[in-house]
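Chemist: Got a structure for you, questions after.
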Amino acid sequence: MDLQKKTLIVLVTFLILAIALTGVFVTVLLLSNYQSLEQKYITNDLDRTISQIKNEEHTISAIDNDWAPWDDTYDFVTGKRPDYIERNINPDTFANLNLDFMIITNHKGEIVYSGAFDPANGTISPVSTSLLQEINANSSLVSLTAPHAETTGILMHSDTPVLITSHPIVRTDFSGTPQGVMIMGRFLDQDEIGRLSSMTIPSIAFYRVTDPAISPSLQSVLGTPGMSMIIQPTDANTVAGYALMRDISGNPALVLEITEPRDIYREGTSTVLQFIVILLLSELTFGIVMIFFLDRIVLSRMQSLGSQVRHIGTGSDRSSRVEMDGSDELSELATEINRMLNDIEKTNSELLKTEMRFRELAENTSDVLFTMDTAGKVLYVTPSINRYGYLIEDLISQDFSFFVYTGDRTRVSLEFHRQVVECTPLVTTFRLVDKWGFFHWIETKSAINMDVFGKTTGINGVLRDFTDRKRAEESIMLANKKLNLLNNITRHDILNTITALLGCVDMANATKVPAEREELLGQIKELTRIIQRQIEFTRAYQSVGVNAPSWQNLGEVLNRVIVNFAGSRITLDDEIANVKVYADPLLEKVFYNLIDNAIRYGGHIRTVRFYYQISDVGLTLICEDDGIGIPDTEKVQIFEQGVGKNTGMGLFLTREILLITGITILENGRFGQGARFEMLIPNGAFRFIRETKDEKRE
Amino acid sequence: MSEKVILLVEDDDIIAKVAEWRLKNLGYKVCGRAVTGAEVMEQVVKNKPDLVLMDINIKGDIDGIETAKMIKKGFNIPVIYVTSHSDGPTLERARDTKPDGFIVKPFDDNDLRVAIGLALK
């Protein structure tokens, strides 16, 4: 994910969170305030309503207090003014005073007047018996003895609560003994409640405390001392206020309920919503503007810078540089990047030169350099391995023992494993099997490769082919062995001959017969020549194995030999010009002996032919002639020492010279058709020469 | 003292001729000459010699050492090796047969006289 997307996501997330948090905070705070304000208003309305009811009580009380301490009323109760009712109390009186009933009692508590006004008919009728009984049962209404006494409040009538007031009937100047009480009342019926509601604005309702419409929890809360009123929303649009009202005896009588629409709360909700919308729009605008400028000033430039650096990194033109306008931190960064790229280019150039130098050194050396991991897998190998027929790709990731001769594989693997465990250098030898199955003697020197923490990461090493040296050592060892053997044989032969010689000398001295002496002297002479030949053979044989074997071009060797037989009449067929063999330097002597023997003992010989045949076991070099050949009984003996018509050493010497480098010889021609000598050159001891111009790369 | 009889084992004609001539000069009788192990055993059975003068390198499949082993085992006749090998494995093998004498080539009359005298004592 690029920086632009990340920045966009971060900003959008931040804006959403900011809006959400702000919205929640504002909603909670403002709505809480609006709710408090709503409660405050409702509380005020509830207080005002209660005050209005109290005012109504005071109004009734004031009317009653006007009528009770009045001489006319006093006289009426005492029986002195019987026309009092007729003159003062009529339906208009009730209507004007907004009273529903009036009751006058005497000092005995007997009701001397009771009248209830029916507003619908405009008539006055007696107060209901039930009401009278409830009034009489309440002593605070009917037993007033003090002139200024007063009882005002709510009386719970069976059906309807009543605002009721009672004052003692005394003289206008409050003199005299109270002669009864004047009681006035007003029913808190629907009409009255409607009238009160019109004055107080909120809708008013009264419930008995025991009314099922009042929930028990509300009853319980209102019953709590000090908790005279409660404000609570009834639904999303209406809020209600409840207040407990007590009767004239101080007992809970009514629950006053006022309900109002939640205008304040709705206004608050609307305000919050508007605020959030404005906040959303403003923050969105802010975010867009910020992203725009952030992108123009930073992000797009950084993207451009990154794109340029990426292009330089992935492209082939490492000389190109980044460009960035302006003089701010980004342009300074571009300058630093360019400086760094210059340094990298310079360092890379130097590294390239160094690597080229080391690569040339590593890949042009005749040795094979390699690296492998601790598990023995080849990680790197120089092209010098190609000479063994392997491609580098064939060996990478292969086990190192892939090209190790099976007989050496276990040992070499163990030595490498021990090297990794003990972290020590390793020098060892093994036989490498090339692609064509030929052996090569290899000496490897390797060292542990470690990382900066000292942990073994692999093995670096070099493979050196010492096959020629190994062959030379083996050849020299074999030559020494043969020389020792020949030394013993020759010494034995010479001592034998000397034994005979000395014996003949003694016999010659002892004999008196001239003819016998003459014969013995002849034997002495012959024995002396035998000793001479034996000594001369040692001189020829002592050269065998003295010089290290070498690769020799068969054609060139044969050409040097042919010169010695220029005077002979035989034809020499040379079909071995493109072959090199690894042999003792006396190989020339071998060719000489074969041709010389063919001429000496071949009889009617005309042609000597040299050619070769390839087989699984090696290259067979064949020398055959068209002479009389060799009898079957002599085909093995001819290679023994002393067997032959001349010195008896020629083919013996030939066999010994060839054996120095493991070449064997046998004769398998058909007697009467010519001699045929086969020399088997083992695999690895012969090569074919390529085109002349590539001869150096054979 | 009766004339001692010696069997000569030598494959080289001239050396055999010289050895026979020397033995006769020293007073010994040469009962015969053998060149292979089989001939030796045949001559031993036939002539019952007092001593065998044995060349180690003789013709045939078995050499002088193996032939000497058979003679000593079957006939208890003294055997003197005649050889030009002065050291090496061949001499070791010869020693293991506990011979009655060694004569190293080239030898003269005195060498023969001393070696045979000691062997026949």
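So you can find residues: chains in the structure tokens are A, B, ... in the order shown, residues in each start at 1, and ligands are numbered from 1 in order.
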Up to 6 Å from chain B, what residues of chain A turn up? Count only C-alpha atoms and give them as a ChimeraX atom specification.

Modeler: /A:492,495,499-500,503

Chemist: Mind dumping the selected residues with N, CA and C atoms as a tab-separated table (two decimals), in the first residue's frame?

Modeler:
chain	number	residue	atom	x	y	z
A	492	HIS	N	71.81	-62.38	-10.59
A	492	HIS	CA	71.74	-63.84	-10.52
A	492	HIS	C	72.31	-64.48	-11.78
A	495	LEU	N	76.11	-63.89	-11.96
A	495	LEU	CA	76.83	-64.75	-11.02
A	495	LEU	C	76.84	-66.21	-11.51
A	499	THR	N	80.12	-68.18	-12.35
A	499	THR	CA	80.39	-69.50	-11.76
A	499	THR	C	80.89	-70.47	-12.83
A	500	ALA	N	80.16	-70.44	-13.95
A	500	ALA	CA	80.57	-71.32	-15.05
A	500	ALA	C	81.92	-70.89	-15.61
A	503	GLY	N	84.72	-71.87	-13.35
A	503	GLY	CA	84.89	-73.32	-13.44
A	503	GLY	C	85.65	-73.73	-14.71

Chemist: Taking into account only C-alpha atoms, which residue in the set B:Ile65, B:Val30, B:Val82, B:Val40 is nearest to B:Asp96?

Modeler: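 Checking each of B:Ile65, B:Val30, B:Val82, B:Val40 against B:Asp96, counting only C-alpha atoms, the winner is B:Ile65.
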
Chemist: Please indicate the distance in Å from atom CA of A:Thr456 to atom CA of A:Val378, rounded to one decimal place.

Modeler: 15.3 Å

Chemist: When distances are computed from only C-alpha atoms, which of B:Asp100, B:Val9, B:Glu20, B:Arg95 shows the smallest separation from B:Thr67?

Modeler: B:Val9

Chemist: Run DSSP on the backbone and give me the residues of stretch 98-319 of chain A it puts in strand (DSSP E or B), as a count of residues only.

Modeler: 67

Chemist: Give the helix (DSSP H, G or I) residues of stretch 171-273 of chain A, as assigned by DSSP on the backbone, as number ranges by chain.

Modeler: A: 190-200, 216-222, 263-273

Chemist: Write out as a CSV table (one decimal) with N, CA and C atoms, in the first residue's frame which residues come within 8 Å of A:Tyr611 when counting only C-alpha atoms, dropping same-chain ones fewer than 6 positions away.

Modeler:
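The resulting file, result_26.csv, is reproduced below:
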chain,number,residue,atom,x,y,z
A,574,ASP,N,50.9,-45.5,-41.2
A,574,ASP,CA,50.7,-44.8,-39.9
A,574,ASP,C,49.3,-44.3,-39.8
A,575,GLU,N,48.5,-44.9,-39.0
A,575,GLU,CA,47.1,-44.5,-38.8
A,575,GLU,C,46.8,-44.1,-37.4
A,576,ILE,N,47.8,-43.6,-36.7
A,576,ILE,CA,47.7,-43.2,-35.3
A,576,ILE,C,48.1,-41.8,-35.0
A,621,LEU,N,46.1,-50.2,-29.3
A,621,LEU,CA,47.0,-49.9,-30.4
A,621,LEU,C,47.6,-51.2,-31.0
A,622,ILE,N,47.4,-51.3,-32.3
A,622,ILE,CA,47.8,-52.5,-32.9
A,622,ILE,C,49.0,-52.3,-33.9
A,623,CYS,N,49.9,-53.2,-33.8
A,623,CYS,CA,51.1,-53.2,-34.7
A,623,CYS,C,51.1,-54.6,-35.4

Chemist: Counting only C-alpha atoms, figure out which residue out of B:Gly117, B:Gly64, B:Gly101, B:Gly74 gets nearest to B:Val45.

Modeler: B:Gly74
